Amino acid sequence: MLENKGTNQYYITRQDSTESNARSYPRKFPFALAKAQGSWIEDVEGNKYLDFLCGAGTLALGHNDPEVNQAMVDMLTSNAPLHTLDLTTPVKDEFVHTLLNLLPTELKDNAKIQFCSPSGTDATDAALKLCKTATGRSSIIAFQGGYHGMGHGAMACTGNLGAKSKVQGLMPDVHHFPFPYSYRCPFGIGGEAGVDAACAFFERTLKDPESGITKPAAVIIEPIQGEGGVIPAPAKFLQTIRRVTEELDIPMIVDEIQCGIGRTGKFFAFEHAGIVPDVILASKAVGGSQPMSVVIYNKKLDKWTQGAHAGTFRGNQLGMKAGTVLIKRVSQPEFLADVTRKGEYLKKRMLELKDKVSIIGDFRSCGLMAGTEFVNPNDAPDAIGTRPASGEIAAKVQRMCFDRRLIIEKGGRNGSVMRCLCALNVTDADLKKALDIFEEVILAVDAEYSKKG
C-alpha cells in the first residue's frame, strides 16, 4: 500500500513515532503545515486557517512579512556572517541601538544588553545569574501564576505545578507571592481591596524581619501574566513593587517575553504603569520571527566577568536583522495606536458576548493580548461567588474553533482560558472573522451547558 504524503495523517503518524512525548501543540492541532502568509496558514491538504496563536506571540507581524523576509534575503545574498557568537557586526550594532533607544530615558542612558541562547528561558536564567552575581544574594521572589520558561531556574520561578511536580531539584530559595487576580483573588476579596492586600503583603513581607525570607537577589514579574491566563498586573501593584524594591535595593526584573514588543499597545507592557525596572527580558517577537532572546539591564548590575554567561547561538545575525525591521515598525506611534484600536474592538465584542452567556466567567485584555476564562455554570460558586474554572469547556471551544479553521490556544488555571495572540498587524476583516467564529462556537457550547443545567 502506497503512503499518501499529501495528507495530514501521514505526517502526524510519522511525528508520533519519532518525536518526544513532550510535544504539545500537535495534540490540539493535528495537521501538517505547508504554507503561511500574514494571519493565515495552510495545511498539506489545502485547508486554510486563521492563526491567532502566531508562534505563541513570536510572529508579531504574522507569517512571512514581506519587509522582514526581504531584509533576511538581502542579508543571505550579501555574504554577511550569519553566526558570530558575541562578536560585533554592523547588523548587531544597529539592532542594539534600535532597541535601547526605546527604553525609558532613565534606563536608556545606563543600559547594557546580554545576548542569550535563543529561547526566553535562557534570558530568565541569565537575568537570575546576573542579579545573584551583582547582589551576592540567593533568594528570588516570583509570583503565583507566573511563567518564566522551562529551564531549571526559570521553571523554579514559574507558578504552574504541572511541569514542576515531576522534576526534582529545581533551583532552591524561590518564594511565590500572591498576584492580584480579581476574579480569583488569592485573598478572597477581589477588586481594589484585593490589589491593596497584594501590595501590603508584598511590602510588609519584604520589610518584616520575621518573614523567614532572606533579602532577595531579585524580584521577577510579568507585567501581564501570559500562560497564567492573561492577567494584567494592576499599575498600582507594579508601582508598589518598584518603590519597595528601590527602597530595599533589590533588582526588579520584568519579563516582557510574551507581553512586550507592542503586544499591549505600548512597546513594553511595563510602560502602562510608568515604572522603570532594573532588568527587562525580551524574546519571542524581538527577533522578527527568528530565534532571539536578550536581557537588558541597568549597568550598575554589570558585575559579572568574562564568560559568566554564554550561548552558542547568541550571535544570530538573521534574527538581529529581522528584529531591527520589526522593532522599527512596531514602535511607531501610529502602529501602536492601531494595536490599541483593534484591542478595543476585540474587548467590546467579547464583553458584549460575556453578557449573553453563562460559560464566560471573566474576560481580560490589554491591546491584542486577551484572555477569556471559562467556567461551568452548573458548578457551585465559591465563597466570593466565583464558579470553578472549566478546562473541559475551554478544550471543547478550542476543538470547535479548530474545526471551523481558527487556531487559538489555552492557558490559565486548569487550562480554562482561551488566549488571543494574533499578529499585531492583523487586518480588521481577519479580526472580525476570528471573533465571529469564536462567538459562534461559544454560543453553541453555552446552549449545550445551559441544557445540562
# chains A, B, ... in the order shown; residues from 1 in each chain; ligands from 1
>>> select_by_dssp(residues="range 190-297 of chain A", states="alpha helix (DSSP H)", output="ChimeraX atom specification")
/A:191-207,235-248
>>> write_last_selection(atoms="N, CA, C and O atoms", output="compact mmCIF listing (two decimals), in the first residue's frame")
# COMPACT_ATOMS: atom_id res chain seq x y z
N GLY A 191 -11.36 42.88 43.60
CA GLY A 191 -11.43 44.32 43.39
C GLY A 191 -10.21 45.07 43.89
O GLY A 191 -9.12 44.51 44.06
N GLU A 192 -10.42 46.37 44.17
CA GLU A 192 -9.34 47.22 44.66
C GLU A 192 -8.82 46.75 46.01
O GLU A 192 -7.64 46.88 46.32
N ALA A 193 -9.71 46.18 46.80
CA ALA A 193 -9.29 45.67 48.11
C ALA A 193 -8.28 44.54 47.95
O ALA A 193 -7.32 44.42 48.72
N GLY A 194 -8.50 43.69 46.92
CA GLY A 194 -7.56 42.60 46.65
C GLY A 194 -6.21 43.12 46.20
O GLY A 194 -5.16 42.59 46.58
N VAL A 195 -6.23 44.18 45.37
CA VAL A 195 -4.97 44.80 44.92
C VAL A 195 -4.23 45.40 46.12
O VAL A 195 -3.02 45.21 46.28
N ASP A 196 -4.97 46.08 46.96
CA ASP A 196 -4.36 46.69 48.16
C ASP A 196 -3.75 45.61 49.06
O ASP A 196 -2.67 45.81 49.63
N ALA A 197 -4.45 44.50 49.19
CA ALA A 197 -3.94 43.41 50.03
C ALA A 197 -2.65 42.84 49.45
O ALA A 197 -1.70 42.56 50.19
N ALA A 198 -2.60 42.66 48.12
CA ALA A 198 -1.39 42.14 47.49
C ALA A 198 -0.22 43.11 47.66
O ALA A 198 0.92 42.70 47.91
N CYS A 199 -0.51 44.41 47.53
CA CYS A 199 0.54 45.42 47.71
C CYS A 199 1.06 45.39 49.14
O CYS A 199 2.27 45.42 49.39
N ALA A 200 0.13 45.33 50.10
CA ALA A 200 0.52 45.34 51.51
C ALA A 200 1.30 44.07 51.86
O ALA A 200 2.31 44.14 52.59
N PHE A 201 0.85 42.93 51.34
CA PHE A 201 1.54 41.67 51.62
C PHE A 201 2.98 41.72 51.10
O PHE A 201 3.92 41.32 51.79
N PHE A 202 3.14 42.22 49.87
CA PHE A 202 4.47 42.31 49.29
C PHE A 202 5.38 43.20 50.14
O PHE A 202 6.50 42.80 50.52
N GLU A 203 4.91 44.40 50.44
CA GLU A 203 5.77 45.34 51.16
C GLU A 203 6.06 44.87 52.58
O GLU A 203 7.21 44.89 53.04
N ARG A 204 5.03 44.44 53.29
CA ARG A 204 5.22 44.07 54.68
C ARG A 204 6.08 42.82 54.82
O ARG A 204 6.89 42.73 55.76
N THR A 205 5.92 41.89 53.90
CA THR A 205 6.72 40.67 53.98
C THR A 205 8.20 40.99 53.77
O THR A 205 9.07 40.51 54.50
N LEU A 206 8.50 41.79 52.76
CA LEU A 206 9.90 42.10 52.47
C LEU A 206 10.54 42.99 53.53
O LEU A 206 11.76 43.00 53.68
N LYS A 207 9.72 43.70 54.28
CA LYS A 207 10.25 44.57 55.33
C LYS A 207 10.14 43.94 56.73
O LYS A 207 10.54 44.56 57.72
N ALA A 235 -1.56 48.64 37.70
CA ALA A 235 -0.48 49.64 37.74
C ALA A 235 -0.03 49.89 39.18
O ALA A 235 1.17 50.01 39.45
N LYS A 236 -0.99 49.93 40.09
CA LYS A 236 -0.65 50.19 41.50
C LYS A 236 0.27 49.10 42.05
O LYS A 236 1.18 49.39 42.84
N PHE A 237 0.05 47.87 41.64
CA PHE A 237 0.86 46.75 42.13
C PHE A 237 2.29 46.87 41.60
O PHE A 237 3.26 46.74 42.35
N LEU A 238 2.43 47.12 40.30
CA LEU A 238 3.77 47.28 39.72
C LEU A 238 4.49 48.48 40.33
O LEU A 238 5.70 48.43 40.58
N GLN A 239 3.75 49.55 40.56
CA GLN A 239 4.35 50.74 41.17
C GLN A 239 4.81 50.46 42.60
O GLN A 239 5.86 50.94 43.02
N THR A 240 4.02 49.67 43.33
CA THR A 240 4.41 49.31 44.69
C THR A 240 5.67 48.45 44.68
O THR A 240 6.61 48.69 45.46
N ILE A 241 5.72 47.48 43.78
CA ILE A 241 6.91 46.63 43.68
C ILE A 241 8.13 47.46 43.35
O ILE A 241 9.20 47.30 43.95
N ARG A 242 7.97 48.39 42.41
CA ARG A 242 9.11 49.23 42.02
C ARG A 242 9.57 50.10 43.20
O ARG A 242 10.77 50.23 43.47
N ARG A 243 8.64 50.71 43.91
CA ARG A 243 9.00 51.57 45.03
C ARG A 243 9.71 50.78 46.14
O ARG A 243 10.77 51.18 46.63
N VAL A 244 9.14 49.62 46.48
CA VAL A 244 9.70 48.83 47.57
C VAL A 244 11.07 48.26 47.20
O VAL A 244 12.01 48.28 48.00
N THR A 245 11.20 47.77 45.98
CA THR A 245 12.49 47.21 45.57
C THR A 245 13.57 48.30 45.51
O THR A 245 14.74 48.04 45.82
N GLU A 246 13.19 49.49 45.10
CA GLU A 246 14.16 50.60 45.11
C GLU A 246 14.56 50.94 46.55
O GLU A 246 15.75 51.16 46.84
N GLU A 247 13.59 50.99 47.44
CA GLU A 247 13.89 51.31 48.85
C GLU A 247 14.84 50.29 49.47
O GLU A 247 15.71 50.63 50.26
N LEU A 248 14.66 49.01 49.07
CA LEU A 248 15.44 47.93 49.68
C LEU A 248 16.64 47.51 48.83
O LEU A 248 17.34 46.56 49.17
>>> residues_around(residues="Thr13 in chain A", least_positions_apart="3", cutoff="12 Å", atoms="only C-alpha atoms", output="ChimeraX atom specification")
/A:3-5,7-10,16-19,26-27,30-32
>>> write_last_selection(atoms="all heavy atoms", output="compact mmCIF listing (two decimals), in the first residue's frame")
# COMPACT_ATOMS: atom_id res chain seq x y z
N GLU A 3 2.01 5.05 0.62
CA GLU A 3 1.73 6.08 1.60
C GLU A 3 1.33 7.36 0.87
O GLU A 3 1.93 7.74 -0.13
CB GLU A 3 2.95 6.35 2.46
CG GLU A 3 3.35 5.17 3.34
CD GLU A 3 4.64 5.45 4.09
OE1 GLU A 3 5.60 5.91 3.44
OE2 GLU A 3 4.67 5.23 5.29
N ASN A 4 0.30 8.04 1.39
CA ASN A 4 -0.15 9.29 0.79
C ASN A 4 0.50 10.46 1.54
O ASN A 4 0.07 10.82 2.63
CB ASN A 4 -1.67 9.39 0.85
CG ASN A 4 -2.19 10.61 0.11
OD1 ASN A 4 -1.42 11.48 -0.30
ND2 ASN A 4 -3.49 10.69 -0.07
N LYS A 5 1.54 11.03 0.94
CA LYS A 5 2.27 12.11 1.60
C LYS A 5 1.51 13.44 1.54
O LYS A 5 1.97 14.44 2.09
CB LYS A 5 3.65 12.28 0.97
CG LYS A 5 4.56 11.08 1.19
CD LYS A 5 5.95 11.34 0.65
CE LYS A 5 6.87 10.15 0.90
NZ LYS A 5 8.23 10.40 0.39
N THR A 7 -1.44 13.95 2.90
CA THR A 7 -2.44 14.04 3.96
C THR A 7 -1.82 14.46 5.28
O THR A 7 -0.65 14.18 5.56
CB THR A 7 -3.14 12.69 4.15
OG1 THR A 7 -2.19 11.74 4.66
CG2 THR A 7 -3.72 12.18 2.84
N ASN A 8 -2.63 15.10 6.08
CA ASN A 8 -2.19 15.45 7.43
C ASN A 8 -1.85 14.20 8.23
O ASN A 8 -0.87 14.18 8.98
CB ASN A 8 -3.29 16.24 8.15
CG ASN A 8 -3.45 17.64 7.60
OD1 ASN A 8 -2.47 18.33 7.33
ND2 ASN A 8 -4.69 18.06 7.43
N GLN A 9 -2.66 13.16 8.07
CA GLN A 9 -2.48 11.96 8.88
C GLN A 9 -1.13 11.31 8.63
O GLN A 9 -0.50 10.76 9.54
CB GLN A 9 -3.60 10.95 8.61
CG GLN A 9 -3.64 9.79 9.60
CD GLN A 9 -3.77 10.27 11.04
OE1 GLN A 9 -4.66 11.04 11.37
NE2 GLN A 9 -2.85 9.82 11.89
N TYR A 10 -0.64 11.36 7.42
CA TYR A 10 0.66 10.78 7.10
C TYR A 10 1.75 11.40 7.97
O TYR A 10 2.56 10.69 8.59
CB TYR A 10 0.98 11.02 5.61
CG TYR A 10 2.40 10.69 5.23
CD1 TYR A 10 2.80 9.38 5.00
CD2 TYR A 10 3.35 11.71 5.11
CE1 TYR A 10 4.11 9.08 4.65
CE2 TYR A 10 4.67 11.43 4.77
CZ TYR A 10 5.04 10.12 4.54
OH TYR A 10 6.34 9.81 4.22
N ASP A 16 4.33 11.18 15.44
CA ASP A 16 4.02 10.43 16.66
C ASP A 16 5.03 9.33 16.92
O ASP A 16 5.36 9.02 18.07
CB ASP A 16 2.61 9.83 16.53
CG ASP A 16 2.17 9.13 17.80
OD1 ASP A 16 2.19 9.75 18.87
OD2 ASP A 16 1.82 7.93 17.73
N SER A 17 5.57 8.75 15.86
CA SER A 17 6.50 7.63 16.02
C SER A 17 7.94 8.08 16.26
O SER A 17 8.77 7.27 16.67
CB SER A 17 6.45 6.72 14.78
OG SER A 17 6.98 7.40 13.64
N THR A 18 8.23 9.33 16.01
CA THR A 18 9.63 9.78 16.10
C THR A 18 9.88 10.90 17.10
O THR A 18 11.00 11.07 17.55
CB THR A 18 10.13 10.26 14.73
OG1 THR A 18 9.25 11.29 14.24
CG2 THR A 18 10.18 9.11 13.72
N GLU A 19 8.86 11.67 17.44
CA GLU A 19 9.09 12.82 18.33
C GLU A 19 8.71 12.50 19.77
O GLU A 19 7.91 11.61 20.05
CB GLU A 19 8.31 14.04 17.84
CG GLU A 19 8.92 14.67 16.61
CD GLU A 19 8.33 16.04 16.31
OE1 GLU A 19 7.96 16.77 17.26
OE2 GLU A 19 8.24 16.38 15.11
N PRO A 26 0.76 19.57 18.55
CA PRO A 26 0.15 18.63 17.61
C PRO A 26 -1.02 17.84 18.20
O PRO A 26 -1.85 17.31 17.46
CB PRO A 26 1.31 17.68 17.26
CG PRO A 26 2.54 18.48 17.53
CD PRO A 26 2.21 19.32 18.72
N ARG A 27 -1.09 17.74 19.52
CA ARG A 27 -2.21 17.02 20.14
C ARG A 27 -3.49 17.83 20.04
O ARG A 27 -4.59 17.28 20.05
CB ARG A 27 -1.88 16.71 21.60
CG ARG A 27 -0.60 15.91 21.78
CD ARG A 27 -0.34 15.61 23.25
NE ARG A 27 1.02 15.11 23.48
CZ ARG A 27 1.42 13.87 23.29
NH1 ARG A 27 0.57 12.97 22.84
NH2 ARG A 27 2.67 13.51 23.53
N PRO A 30 -4.06 18.74 15.01
CA PRO A 30 -3.50 17.59 14.27
C PRO A 30 -3.44 17.83 12.77
O PRO A 30 -4.24 17.30 12.00
CB PRO A 30 -4.46 16.46 14.63
CG PRO A 30 -5.77 17.15 14.86
CD PRO A 30 -5.44 18.48 15.48
N PHE A 31 -2.49 18.65 12.35
CA PHE A 31 -2.29 18.88 10.93
C PHE A 31 -0.81 19.11 10.66
O PHE A 31 -0.01 19.24 11.58
CB PHE A 31 -3.14 20.04 10.41
CG PHE A 31 -2.93 21.39 11.06
CD1 PHE A 31 -1.99 21.59 12.07
CD2 PHE A 31 -3.67 22.49 10.65
CE1 PHE A 31 -1.80 22.83 12.65
CE2 PHE A 31 -3.48 23.74 11.22
CZ PHE A 31 -2.55 23.90 12.22
N ALA A 32 -0.45 19.13 9.37
CA ALA A 32 0.91 19.41 8.95
C ALA A 32 0.89 20.68 8.11
O ALA A 32 0.15 20.78 7.13
CB ALA A 32 1.47 18.25 8.13
>>> closest_residue(among="A:Gly343, A:Pro104, A:Gly361, A:Gly38", to="Gly274 in chain A", atoms="only C-alpha atoms")
A:Pro104
>>> residues_around(residues="range 306-309 of chain A", least_positions_apart="6", cutoff="10 Å", atoms="only C-alpha atoms", output="ChimeraX atom specification")
/A:114-117,122,125-127,129-130,133
>>> write_last_selection(atoms="C-alpha atoms", output="compact mmCIF listing (two decimals), in the first residue's frame")
# COMPACT_ATOMS: atom_id res chain seq x y z
CA GLN A 114 23.27 40.47 27.11
CA PHE A 115 22.51 38.22 24.15
CA CYS A 116 21.47 34.74 25.24
CA SER A 117 20.66 31.41 23.67
CA ASP A 122 17.69 31.35 28.79
CA ASP A 125 18.25 32.14 33.72
CA ALA A 126 20.77 34.76 32.59
CA ALA A 127 18.92 37.50 34.47
CA LYS A 129 22.55 34.81 37.39
CA LEU A 130 23.18 38.50 36.73
CA THR A 133 26.20 37.93 40.94
>>> residues_around(residues="Gln290 in chain A", least_positions_apart="3", cutoff="8 Å", atoms="only C-alpha atoms", output="ChimeraX atom specification")
/A:287,318-319,322-323
>>> residues_around(residues="Ile231 in chain A", least_positions_apart="2", cutoff="8 Å", atoms="only C-alpha atoms", output="list in words")
Tyr181, Ile224, Gln225, Gly226, Gly228, Gly229, Ala233, Arg364, Ser365 and Gly371 of chain A
>>> write_last_selection(atoms="C-alpha atoms", output="mmCIF file, in the first residue's frame")
data_model
loop_
_atom_site.group_PDB
_atom_site.id
_atom_site.type_symbol
_atom_site.label_atom_id
_atom_site.label_comp_id
_atom_site.auth_asym_id
_atom_site.auth_seq_id
_atom_site.Cartn_x
_atom_site.Cartn_y
_atom_site.Cartn_z
ATOM 1 C CA TYR A 181 -6.270 38.412 40.212
ATOM 2 C CA ILE A 224 0.792 40.701 32.195
ATOM 3 C CA GLN A 225 0.797 37.018 33.053
ATOM 4 C CA GLY A 226 0.501 35.175 29.750
ATOM 5 C CA GLY A 228 -1.082 32.103 33.650
ATOM 6 C CA GLY A 229 -4.263 33.261 31.921
ATOM 7 C CA ALA A 233 -0.750 43.363 36.946
ATOM 8 C CA ARG A 364 -9.299 40.316 30.416
ATOM 9 C CA SER A 365 -7.277 42.167 27.816
ATOM 10 C CA GLY A 371 -7.969 36.015 27.721
#
>>> residues_around(residues="Lys132 in chain A", least_positions_apart="3", cutoff="12 Å", atoms="only C-alpha atoms", output="short mmCIF file (atom, residue, chain, number, x, y, z; two decimals) with N, CA and C atoms, in the first residue's frame")
data_model
loop_
_atom_site.label_atom_id
_atom_site.label_comp_id
_atom_site.auth_asym_id
_atom_site.auth_seq_id
_atom_site.Cartn_x
_atom_site.Cartn_y
_atom_site.Cartn_z
N ASP A 125 17.13 32.68 32.95
CA ASP A 125 18.25 32.14 33.72
C ASP A 125 19.43 33.12 33.75
N ALA A 126 19.68 33.79 32.63
CA ALA A 126 20.77 34.76 32.59
C ALA A 126 20.51 35.92 33.55
N ALA A 127 19.26 36.40 33.59
CA ALA A 127 18.92 37.50 34.47
C ALA A 127 19.05 37.12 35.94
N LEU A 128 18.66 35.89 36.27
CA LEU A 128 18.81 35.43 37.66
C LEU A 128 20.28 35.38 38.05
N LYS A 129 21.11 34.86 37.13
CA LYS A 129 22.55 34.81 37.39
C LYS A 129 23.13 36.21 37.55
N THR A 135 24.37 41.11 43.45
CA THR A 135 23.96 41.37 44.84
C THR A 135 24.66 40.47 45.85
N GLY A 136 25.16 39.33 45.38
CA GLY A 136 25.73 38.38 46.31
C GLY A 136 24.69 37.65 47.14
N ARG A 137 23.43 37.75 46.71
CA ARG A 137 22.33 37.12 47.45
C ARG A 137 21.76 35.96 46.64
N SER A 138 20.88 35.16 47.26
CA SER A 138 20.44 33.94 46.59
C SER A 138 18.93 33.82 46.41
N SER A 139 18.11 34.36 47.29
CA SER A 139 16.67 34.12 47.20
C SER A 139 16.06 34.97 46.08
N ILE A 140 14.96 34.45 45.54
CA ILE A 140 14.25 35.10 44.43
C ILE A 140 12.78 35.19 44.81
N ASP A 173 15.20 28.23 47.02
CA ASP A 173 15.10 29.58 47.58
C ASP A 173 14.31 30.52 46.69
N LYS A 215 16.85 38.62 52.36
CA LYS A 215 16.76 39.68 51.35
C LYS A 215 17.06 39.11 49.97
N PRO A 216 16.13 39.25 49.03
CA PRO A 216 16.28 38.57 47.74
C PRO A 216 17.30 39.22 46.80
N ALA A 217 17.78 38.39 45.89
CA ALA A 217 18.66 38.87 44.83
C ALA A 217 17.87 39.59 43.75
N ALA A 218 16.58 39.25 43.63
CA ALA A 218 15.75 39.87 42.60
C ALA A 218 14.28 39.55 42.85
N VAL A 219 13.44 40.39 42.28
CA VAL A 219 12.00 40.14 42.16
C VAL A 219 11.71 40.04 40.67
N ILE A 250 16.75 46.09 45.80
CA ILE A 250 16.52 44.76 45.22
C ILE A 250 16.25 44.95 43.74
N PRO A 251 17.00 44.31 42.84
CA PRO A 251 16.74 44.44 41.40
C PRO A 251 15.34 43.94 41.03
N LEU A 301 24.35 46.74 37.53
CA LEU A 301 24.33 45.30 37.82
C LEU A 301 25.42 44.54 37.07
N ASP A 302 26.16 45.22 36.23
CA ASP A 302 27.11 44.55 35.34
C ASP A 302 28.39 44.13 36.08
N LYS A 303 28.20 43.24 37.05
CA LYS A 303 29.31 42.82 37.91
C LYS A 303 29.90 41.47 37.50
N TRP A 304 29.26 40.82 36.51
CA TRP A 304 29.81 39.52 36.15
C TRP A 304 31.03 39.68 35.24
N ALA A 308 30.81 34.70 31.99
CA ALA A 308 29.87 34.36 33.06
C ALA A 308 28.55 33.85 32.51
#
>>> closest_residue(among="A:Ala60, A:Met150, A:Leu443, A:Ile253", to="Asp355 in chain A", atoms="only C-alpha atoms")
A:Leu443
>>> atom_distance(atom1="CA of Ile327 in chain A", atom2="CA of Cys422 in chain A")
17.0 Å
>>> atom_distance(atom1="CA of Cys54 in chain A", atom2="CA of Val339 in chain A")
15.6 Å
>>> residues_around(residues="Leu82 in chain A", least_positions_apart="2", cutoff="9 Å", atoms="only C-alpha atoms", output="count of residues only")
9
>>> select_by_dssp(residues="range 59-290 of chain A", states="strand (DSSP E or B)", output="MDAnalysis selection string")
chainID A and resid 63 83 111:115 140:143 174:177 218:221 224:225 231:232 252:255 279:282
>>> closest_residue(among="A:Arg341, A:Ala34, A:Arg419, A:Leu281", to="Tyr49 in chain A", atoms="only C-alpha atoms")
A:Ala34
>>> atom_distance(atom1="CA of Cys185 in chain A", atom2="CA of Gly146 in chain A")
14.8 Å
